[in-house]
file entry-v6.txt (compact mmCIF, C-alpha atoms)
# COMPACT_ATOMS: atom_id res chain seq x y z
CA MET P 220 92.21 92.39 119.02
CA HIS P 221 94.06 89.89 116.85
CA SER P 222 96.97 91.37 114.93
CA GLY P 223 99.56 90.29 112.39
CA ILE P 224 103.23 91.03 111.80
CA GLY P 225 105.25 92.57 109.02
CA VAL P 226 108.48 94.39 108.28
CA PHE P 227 109.11 97.96 107.17
CA LEU P 228 112.26 97.78 105.07
CA SER P 229 113.54 101.28 104.37
CA PRO P 230 116.06 99.60 104.24
CA LEU P 231 118.82 101.03 106.43
CA HIS P 232 122.37 99.75 105.92
CA ALA P 233 125.41 101.34 107.52
CA PRO P 234 127.65 103.00 104.87
CA GLY P 235 130.80 101.17 103.85
CA GLN P 236 129.04 98.01 102.68
CA ASP P 237 128.81 96.89 99.07
CA PRO P 238 125.38 98.20 97.95
CA HIS P 239 124.97 95.32 95.51
CA LEU P 240 125.34 92.89 98.40
CA THR P 241 122.85 94.76 100.60
CA ILE P 242 120.27 94.76 97.79
CA ARG P 243 120.67 91.00 97.32
CA ARG P 244 120.36 90.45 101.05
CA ASP P 245 117.21 92.57 101.22
CA LEU P 246 115.65 90.24 98.65
CA GLN P 247 116.87 87.19 100.55
CA LEU P 248 115.31 88.61 103.70
CA VAL P 249 111.93 89.02 101.99
CA GLU P 250 112.08 85.37 100.91
CA HIS P 251 112.88 84.43 104.51
CA LEU P 252 109.92 86.46 105.79
CA ASP P 253 107.63 84.81 103.26
CA GLU P 254 108.65 81.35 104.48
CA LEU P 255 108.07 82.48 108.08
CA ASN P 256 104.50 83.49 107.13
CA TYR P 257 104.91 87.22 107.72
CA ASP P 258 101.90 89.17 106.54
CA GLU P 259 103.57 92.15 104.87
CA CYS P 260 106.82 93.78 103.80
CA TRP P 261 106.96 97.52 103.07
CA PHE P 262 109.71 99.15 101.01
CA GLY P 263 110.75 102.76 101.54
CA GLU P 264 111.81 105.25 98.87
CA HIS P 265 114.84 107.41 99.61
CA HIS P 266 117.31 109.25 97.42
CA SER P 267 119.92 110.52 99.86
CA LEU P 268 121.76 110.05 103.20
CA ALA P 269 123.38 106.75 102.06
CA TRP P 270 121.84 104.59 104.81
CA PRO P 271 118.50 104.04 103.00
CA THR P 272 119.49 102.48 99.70
CA ILE P 273 116.31 102.02 97.62
CA GLY P 274 115.29 104.87 95.34
CA ALA P 275 112.98 102.77 93.12
CA PRO P 276 111.00 100.47 95.44
CA GLU P 277 108.64 99.36 92.67
CA THR P 278 111.52 97.51 91.01
CA ILE P 279 112.45 95.59 94.14
CA ILE P 280 108.77 94.81 94.79
CA ALA P 281 108.57 93.31 91.29
CA ALA P 282 111.69 91.23 91.99
CA ALA P 283 110.36 90.13 95.39
CA ALA P 284 107.02 89.17 93.85
CA GLU P 285 108.76 86.48 91.78
CA ARG P 286 110.57 85.12 94.85
CA THR P 287 107.61 84.93 97.25
CA ARG P 288 104.22 83.25 97.43
CA GLN P 289 101.99 84.74 100.11
CA ILE P 290 103.50 87.85 101.74
CA LYS P 291 101.97 91.20 100.76
CA LEU P 292 104.38 93.75 99.29
CA ALA P 293 103.92 97.49 99.74
CA ASN P 294 105.32 100.86 98.77
CA GLY P 295 106.30 102.43 102.06
CA VAL P 296 105.72 105.02 100.76
CA VAL P 297 105.58 106.78 97.39
CA PRO P 298 106.48 110.43 98.17
CA LEU P 299 103.80 111.88 95.92
CA PRO P 300 105.31 115.36 95.35
CA PHE P 301 108.21 113.70 93.52
CA HIS P 302 106.02 111.75 91.06
CA HIS P 303 103.33 112.51 88.49
CA PRO P 304 100.08 110.89 89.73
CA TYR P 305 99.54 109.13 86.40
CA ASN P 306 102.88 107.34 86.70
CA VAL P 307 102.15 106.36 90.31
CA ALA P 308 98.86 104.79 89.22
CA THR P 309 100.42 103.03 86.23
CA ARG P 310 103.09 101.37 88.37
CA ALA P 311 100.56 100.45 91.07
CA LEU P 312 98.32 98.59 88.64
CA MET P 313 101.25 96.74 87.11
CA LEU P 314 102.43 95.63 90.57
CA ASP P 315 98.90 94.59 91.44
CA HIS P 316 99.11 92.14 88.53
CA LEU P 317 102.71 91.05 89.11
CA THR P 318 101.95 90.22 92.75
CA ARG P 319 98.53 88.71 91.92
CA GLY P 320 96.81 91.02 94.35
CA ARG P 321 99.52 91.10 97.03
CA TYR P 322 100.34 94.78 96.51
CA ILE P 323 99.56 97.73 98.81
CA LEU P 324 100.02 101.30 97.61
CA GLY P 325 101.44 103.41 100.41
CA VAL P 326 101.65 107.15 99.80
CA GLY P 327 102.83 110.21 101.68
CA PRO P 328 104.25 113.71 101.35
CA GLY P 329 107.89 112.73 101.84
CA ALA P 330 109.86 113.67 104.93
CA THR P 331 113.57 113.89 104.01
CA PRO P 332 114.69 117.50 103.35
CA ASN P 333 117.65 116.29 101.29
CA ASP P 334 115.34 114.49 98.88
CA SER P 335 112.92 117.38 98.43
CA HIS P 336 115.84 119.76 97.87
CA GLN P 337 117.19 117.58 95.06
CA PHE P 338 113.75 117.47 93.43
CA GLY P 339 113.44 121.23 93.78
CA VAL P 340 110.33 120.98 95.94
CA ALA P 341 109.96 123.28 98.95
CA GLN P 342 109.37 121.54 102.27
CA ASP P 343 106.39 123.79 102.95
CA ASP P 344 104.68 122.51 99.79
CA LEU P 345 104.97 118.78 100.43
CA LYS P 346 101.74 118.22 102.38
CA ARG P 347 99.68 120.39 100.04
CA MET P 348 101.01 118.58 96.99
CA ALA P 349 100.35 115.16 98.51
CA SER P 350 96.76 116.14 99.34
CA GLU P 351 96.27 117.29 95.75
CA ALA P 352 97.61 114.04 94.33
CA ILE P 353 95.88 111.51 96.60
CA PRO P 354 92.30 111.78 95.26
CA VAL P 355 93.64 111.73 91.70
CA VAL P 356 95.75 108.61 92.29
CA ARG P 357 92.87 106.94 94.13
CA GLU P 358 90.46 107.51 91.23
CA LEU P 359 93.01 106.37 88.64
CA VAL P 360 93.83 103.21 90.59
CA ASN P 361 90.46 102.23 92.04
CA GLY P 362 87.89 104.36 90.24
CA GLU P 363 86.05 104.17 86.94
CA GLU P 364 85.83 107.81 85.86
CA ARG P 365 88.19 109.75 83.61
CA VAL P 366 90.15 112.37 85.51
CA SER P 367 90.97 115.91 84.49
CA ALA P 368 92.98 118.02 86.93
CA LYS P 369 95.32 120.97 86.82
CA THR P 370 97.64 122.14 89.59
CA ASP P 371 100.85 124.13 89.64
CA TRP P 372 102.83 120.89 89.35
CA PHE P 373 100.80 118.37 87.32
CA VAL P 374 98.12 118.30 84.63
CA LEU P 375 95.77 115.47 83.62
CA GLN P 376 93.35 115.51 80.69
CA ASP P 377 90.66 112.82 80.48
CA ALA P 378 93.03 110.38 82.16
CA LYS P 379 92.06 106.77 82.78
CA MET P 380 94.08 103.58 83.17
CA GLN P 381 93.74 101.15 80.28
CA LEU P 382 94.86 98.23 82.48
CA PRO P 383 92.13 96.79 84.74
CA ARG P 384 92.74 96.09 88.41
CA TYR P 385 93.67 92.56 89.43
CA SER P 386 92.46 93.12 93.01
CA LYS P 387 88.75 93.28 93.61
CA PRO P 388 87.23 95.58 94.62
CA GLY P 389 90.47 97.56 94.57
CA ILE P 390 94.06 98.05 95.73
CA GLU P 391 94.51 98.96 99.39
CA MET P 392 95.93 102.45 99.78
CA ALA P 393 97.67 103.68 102.93
CA ILE P 394 99.38 106.83 104.17
CA SER P 395 102.29 107.08 106.58
CA SER P 396 102.52 109.32 109.64
CA ILE P 397 105.55 110.29 111.67
CA GLY P 398 103.53 111.95 114.42
CA THR P 399 101.84 115.08 113.08
CA PRO P 400 98.04 115.38 112.72
CA ASN P 401 98.24 115.82 108.93
CA SER P 402 98.48 112.22 107.70
CA PRO P 403 95.85 110.76 110.09
CA ARG P 404 93.44 113.49 108.99
CA VAL P 405 94.19 112.79 105.32
CA ALA P 406 93.63 109.06 105.98
CA GLY P 407 90.19 109.82 107.39
CA GLN P 408 89.35 112.28 104.63
CA PHE P 409 90.12 109.89 101.76
CA GLY P 410 89.45 106.52 103.43
CA LEU P 411 93.07 105.35 103.50
CA SER P 412 94.73 102.91 105.87
CA LEU P 413 97.16 104.46 108.38
CA VAL P 414 100.80 103.53 109.02
CA SER P 415 102.10 105.18 112.21
CA TRP P 416 105.66 105.43 113.48
CA GLY P 417 105.54 104.30 117.09
CA ALA P 418 109.16 105.18 117.84
CA PRO P 419 110.29 108.84 117.77
CA PRO P 420 113.60 109.99 116.31
CA PRO P 421 116.26 110.45 119.03
CA GLY P 422 115.71 113.55 121.13
CA LEU P 423 112.08 114.06 120.14
CA PRO P 424 109.05 113.41 122.38
CA ALA P 425 107.18 110.13 122.17
CA VAL P 426 104.39 109.86 119.59
CA ASP P 427 100.85 109.87 121.00
CA LEU P 428 99.51 106.99 118.93
CA ALA P 429 96.06 107.06 120.51
CA GLN P 430 95.72 110.71 119.48
CA GLN P 431 96.83 109.80 115.97
CA TRP P 432 93.90 107.43 115.69
CA ARG P 433 91.49 110.00 117.11
CA TYR P 434 92.57 112.47 114.43
CA ALA P 435 91.86 109.85 111.76
CA GLU P 436 88.46 108.90 113.15
CA GLU P 437 87.36 112.51 113.58
CA SER P 438 88.35 113.30 110.00
CA ALA P 439 86.65 110.15 108.69
CA GLU P 440 83.40 111.06 110.43
CA GLU P 441 83.58 114.58 109.04
CA HIS P 442 83.95 113.26 105.48
CA GLY P 443 81.52 110.35 105.68
CA ASN P 444 84.17 107.61 105.88
CA THR P 445 85.04 104.99 108.48
CA MET P 446 88.41 103.87 109.81
CA ASP P 447 89.15 100.22 110.63
CA ARG P 448 91.74 99.45 113.32
CA ALA P 449 92.44 96.15 111.58
CA ASP P 450 94.07 98.19 108.79
CA TRP P 451 96.20 100.29 111.16
CA ARG P 452 99.94 99.53 111.19
CA VAL P 453 102.35 100.61 113.95
CA VAL P 454 106.08 100.62 113.16
CA VAL P 455 108.84 100.16 115.77
CA PRO P 456 112.44 98.89 115.51
CA LEU P 457 112.69 95.43 117.10
CA TYR P 458 115.40 92.85 117.69
CA ILE P 459 115.08 89.75 119.84
CA ALA P 460 117.27 86.81 120.80
CA GLU P 461 116.78 83.81 123.08
CA THR P 462 117.68 85.97 126.08
CA ARG P 463 117.67 89.69 126.78
CA GLU P 464 121.39 89.62 127.50
CA GLN P 465 122.14 88.00 124.14
CA ALA P 466 119.95 90.51 122.29
CA TYR P 467 121.71 93.48 123.86
CA GLN P 468 125.09 91.96 123.09
CA ASP P 469 124.14 91.37 119.45
CA VAL P 470 123.00 94.91 118.66
CA ARG P 471 124.87 97.25 121.00
CA GLN P 472 127.44 98.35 118.43
CA GLY P 473 124.97 98.50 115.54
CA PHE P 474 122.54 100.57 117.60
CA SER P 475 125.26 103.08 118.46
CA GLU P 476 126.34 103.39 114.81
CA TRP P 477 122.72 103.92 113.76
CA LEU P 478 122.09 106.44 116.55
CA TRP P 479 125.10 108.65 115.88
CA GLY P 480 125.86 107.80 112.26
CA TYR P 481 122.37 107.92 110.75
CA TRP P 482 120.33 110.17 113.01
CA GLY P 483 123.21 112.34 114.14
CA LYS P 484 125.74 112.63 111.31
CA ALA P 485 123.58 111.96 108.22
CA ALA P 486 120.11 113.21 109.23
CA GLY P 487 121.38 116.03 111.47
CA PHE P 488 119.34 115.33 114.60
CA ASP P 489 120.57 116.46 118.01
CA VAL P 490 121.24 112.97 119.32
CA ALA P 491 123.29 114.32 122.21
CA ALA P 492 120.20 116.03 123.66
CA GLY P 493 118.38 112.73 123.84
CA MET P 494 121.37 110.98 125.41
CA GLU P 495 122.39 113.72 127.83
CA GLY P 496 123.90 112.20 130.96
CA VAL P 497 123.87 108.68 129.49
CA LYS P 498 127.13 106.71 129.43
CA SER P 499 128.09 105.39 125.99
CA SER P 500 127.92 101.85 127.36
CA GLN P 501 124.27 102.42 128.33
CA GLU P 502 122.99 104.11 125.16
CA LEU P 503 121.10 101.02 124.06
CA GLU P 504 119.36 100.64 127.41
CA ALA P 505 118.47 104.34 127.39
CA GLY P 506 117.13 104.07 123.85
CA VAL P 507 114.91 101.14 124.76
CA GLU P 508 113.67 103.03 127.82
CA GLN P 509 112.86 106.06 125.63
CA GLY P 510 110.88 103.89 123.24
CA LEU P 511 113.32 104.13 120.33
CA ALA P 512 113.28 100.35 119.94
CA ILE P 513 112.19 97.01 121.39
CA VAL P 514 115.21 94.85 122.24
CA GLY P 515 115.25 91.73 124.39
CA SER P 516 113.81 88.24 124.65
CA PRO P 517 110.62 86.97 122.99
CA GLU P 518 108.79 87.62 126.27
CA ASP P 519 110.10 91.19 126.29
CA ALA P 520 108.70 91.64 122.78
CA VAL P 521 105.32 90.23 123.81
CA ALA P 522 105.14 92.61 126.77
CA ALA P 523 106.16 95.63 124.66
CA ILE P 524 103.63 94.91 121.91
CA GLU P 525 100.92 94.33 124.52
CA ARG P 526 101.70 97.77 125.96
CA LEU P 527 101.40 99.30 122.50
CA GLN P 528 98.04 97.60 122.01
CA GLU P 529 96.82 98.96 125.35
CA GLN P 530 98.13 102.48 124.69
CA THR P 531 96.56 102.66 121.24
CA GLY P 532 93.31 100.82 121.83
CA GLY P 533 94.37 98.18 119.32
CA PHE P 534 95.87 97.98 115.83
CA GLY P 535 95.94 95.38 113.09
CA ARG P 536 99.63 94.99 112.16
CA PHE P 537 102.89 95.36 114.05
CA LEU P 538 105.66 96.26 111.59
CA VAL P 539 109.31 95.77 112.52
CA TYR P 540 111.31 98.78 111.36
CA ALA P 541 114.30 96.93 109.87
CA MET P 542 117.56 98.33 111.28
CA ASN P 543 120.23 95.70 110.47
CA TRP P 544 122.00 96.28 113.79
CA ALA P 545 123.25 92.69 113.98
CA SER P 546 124.81 90.29 111.47
CA PHE P 547 122.60 89.02 108.65
CA GLU P 548 122.33 85.54 110.18
CA LYS P 549 121.39 86.88 113.61
CA THR P 550 118.94 89.31 112.06
CA LYS P 551 117.19 86.44 110.28
CA GLN P 552 117.06 84.52 113.56
CA SER P 553 115.41 87.49 115.26
CA TYR P 554 112.67 87.47 112.63
CA ALA P 555 112.28 83.71 113.09
CA LEU P 556 111.85 84.07 116.85
CA LEU P 557 109.27 86.81 116.31
CA ALA P 558 107.29 84.57 113.96
CA GLU P 559 107.58 81.45 116.10
CA GLN P 560 107.30 82.70 119.67
CA VAL P 561 105.73 86.18 119.57
CA ALA P 562 103.32 86.44 116.65
CA PRO P 563 101.08 83.54 117.74
CA ARG P 564 100.34 85.40 120.97
CA PHE P 565 98.62 88.13 118.93
CA SER P 566 97.34 86.43 115.77
CA GLY P 567 95.07 83.88 117.41
CA SER P 568 96.63 81.16 115.24
CA THR P 569 97.04 78.77 118.20
CA ALA P 570 93.53 79.23 119.61
CA ARG P 571 92.11 76.09 117.99
CA GLY P 572 94.95 73.94 119.32
CA ASP P 573 94.61 75.39 122.81
CA GLU P 574 90.88 74.76 122.75
CA SER P 575 91.44 71.17 121.60
CA ILE P 576 93.78 70.44 124.52
CA GLN P 577 91.43 72.05 127.04
CA TRP P 578 88.46 70.10 125.69
CA SER P 579 90.45 66.87 126.08
CA ILE P 580 91.29 67.77 129.69
CA ASP P 581 87.69 68.65 130.50
CA ASN P 582 86.30 65.50 128.89
CA ARG P 583 88.67 62.73 129.96
CA HIS P 584 85.78 60.90 131.56
CA VAL P 585 84.54 60.20 128.03
CA PHE P 586 87.60 58.08 127.26
CA PRO P 587 87.62 54.89 129.43
CA HIS P 588 91.14 53.92 128.45
CA THR P 589 92.39 57.29 129.67
CA GLU P 590 90.65 56.91 133.02
CA ALA P 591 91.96 53.34 133.37
CA ARG P 592 95.51 54.47 132.64
CA ARG P 593 95.29 57.24 135.20
CA ALA P 594 94.01 54.79 137.82
CA ARG P 595 96.84 52.37 137.04
CA GLU P 596 99.42 55.14 137.25
CA ALA P 597 97.99 56.20 140.59
CA ARG P 598 98.28 52.62 141.95
CA GLU P 599 101.84 52.33 140.66
CA ALA P 600 102.75 55.61 142.33
CA GLN P 601 101.45 54.25 145.68
CA THR P 602 103.65 51.15 145.49
CA VAL P 603 106.87 53.08 144.77

call {"tool": "encode", "arguments": {"input": "entry-v6.txt", "output": "structure tokens"}}
result
Amino acid sequence: MHSGIGVFLSPLHAPGQDPHLTIRRDLQLVEHLDELNYDECWFGEHHSLAWPTIGAPETIIAAAAERTRQIKLANGVVPLPFHHPYNVATRALMLDHLTRGRYILGVGPGATPNDSHQFGVAQDDLKRMASEAIPVVRELVNGEERVSAKTDWFVLQDAKMQLPRYSKPGIEMAISSIGTPNSPRVAGQFGLSLVSWGAPPPGLPAVDLAQQWRYAEESAEEHGNTMDRADWRVVVPLYIAETREQAYQDVRQGFSEWLWGYWGKAAGFDVAAGMEGVKSSQELEAGVEQGLAIVGSPEDAVAAIERLQEQTGGFGRFLVYAMNWASFEKTKQSYALLAEQVAPRFSGSTARGDESIQWSIDNRHVFPHTEARRAREAREAQTV
């Protein structure tokens, strides 16, 4: 199936950099992606661990909306247990207008223990709370009825947005999944799009993406909804250069810092277990082999995305999980190569041109001057 490209911008920046500079560069990157005709850019919400720097993604989406023309901008995602549903809906409708319909509302339970601890929310309550908030937010954003609801963490009385939607018939809503059955089942239950992480954290088993989709479809059927693969996003870190050798050279140090500094030191994962027996000089190669990332040439990226399409049965968007392993200039060049040399292989954007050339080849007999030139060239070749 035809698919598009986008970027999932947590963002992740190695500590030690000026946060003001990284914020400005994130906005510059979104402008760059817009010029390269990327379909989407998603912005994460994080409040701890230092690497992910955006705690208020709605503000950066508003800023990006004024700097871009066609790219869709998305919350990736609003951790619902940390927000009152009414406020989530209010911000979503405002962004729908500020982007002129280029906004996607991504939601989820939240996955960072440090964040939930600071909000005073128990990890065991996150999924329940998200499931309680989703139908309320959906009705406030895309419905017409007044909402009254009471839970142990929010209350609504005859609530309804006074601002109309810009998007018709409504704002797309999506939910993220890091590999458990919960989010795909919630997507099917409430008719949400699905965003799946296709790369596991270091040391954890690979995600069964095909099973993720089966969970969503089974739940959708049970609740009278349908799932559309065209709205399914799969997220994987990716970096490409003109050659595989150059790509590995560009990101080897950044990958190692991310592996041990973010996942190991900050997030507390047992990185050593995933890299047992691997020499430090071969960590990047091992990570690519384990599916932690796609690194290489444009052809390597094409092959890797084709494998993902085959393994999953097809999805609508490939999202690059932005890692910032290389310099800013090289990172921008990687995105340019993806747009220029990889994306057309999946989007179908070159099909008309290819058909035009083939038609010309098949119908040269229609053009006498072409046949005459070929005959002349053949005679000239015989006299040489």

call {"tool": "residues_around", "arguments": {"input": "entry-v6.txt", "residues": "P:Gly533", "least_positions_apart": "5", "cutoff": "10 Å", "atoms": "all atoms listed in the file", "output": "number ranges by chain"}}
result
P: 220-222, 429, 432, 448-449, 451-453, 525-528

call {"tool": "residues_near_point", "arguments": {"input": "entry-v6.txt", "point": "(99.6, 119.9, 91.7)", "cutoff": "7 Å", "atoms": "all atoms listed in the file", "output": "short mmCIF file (atom, residue, chain, number, x, y, z; two decimals) with C-alpha atoms, keeping the file's coordinate frame"}}
result
data_model
loop_
_atom_site.label_atom_id
_atom_site.label_comp_id
_atom_site.auth_asym_id
_atom_site.auth_seq_id
_atom_site.Cartn_x
_atom_site.Cartn_y
_atom_site.Cartn_z
CA MET P 348 101.01 118.58 96.99
CA GLU P 351 96.27 117.29 95.75
CA ALA P 352 97.61 114.04 94.33
CA LYS P 369 95.32 120.97 86.82
CA THR P 370 97.64 122.14 89.59
CA ASP P 371 100.85 124.13 89.64
CA TRP P 372 102.83 120.89 89.35
CA PHE P 373 100.80 118.37 87.32
#

call {"tool": "closest_residue", "arguments": {"input": "entry-v6.txt", "among": "P:Trp416, P:Tyr481, P:Tyr458, P:Phe547", "to": "P:Ala520", "atoms": "all atoms listed in the file"}}
result
P:Tyr458

call {"tool": "atom_distance", "arguments": {"input": "entry-v6.txt", "atom1": "atom CA of P:Glu461", "atom2": "atom CA of P:Ala512"}}
result
17.2 Å

call {"tool": "residues_around", "arguments": {"input": "entry-v6.txt", "residues": "P:Val374", "least_positions_apart": "5", "cutoff": "10 Å", "atoms": "all atoms listed in the file", "output": "PyMOL selection string"}}
result
chain P and resi 303-305+366-369

call {"tool": "closest_residue", "arguments": {"input": "entry-v6.txt", "among": "P:Tyr385, P:Trp261, P:Tyr434, P:Trp544", "to": "P:Glu476", "atoms": "all atoms listed in the file"}}
result
P:Trp544

call {"tool": "closest_residue", "arguments": {"input": "entry-v6.txt", "among": "P:Ile513, P:Leu248, P:Leu423, P:Val507", "to": "P:Phe488", "atoms": "all atoms listed in the file"}}
result
P:Leu423
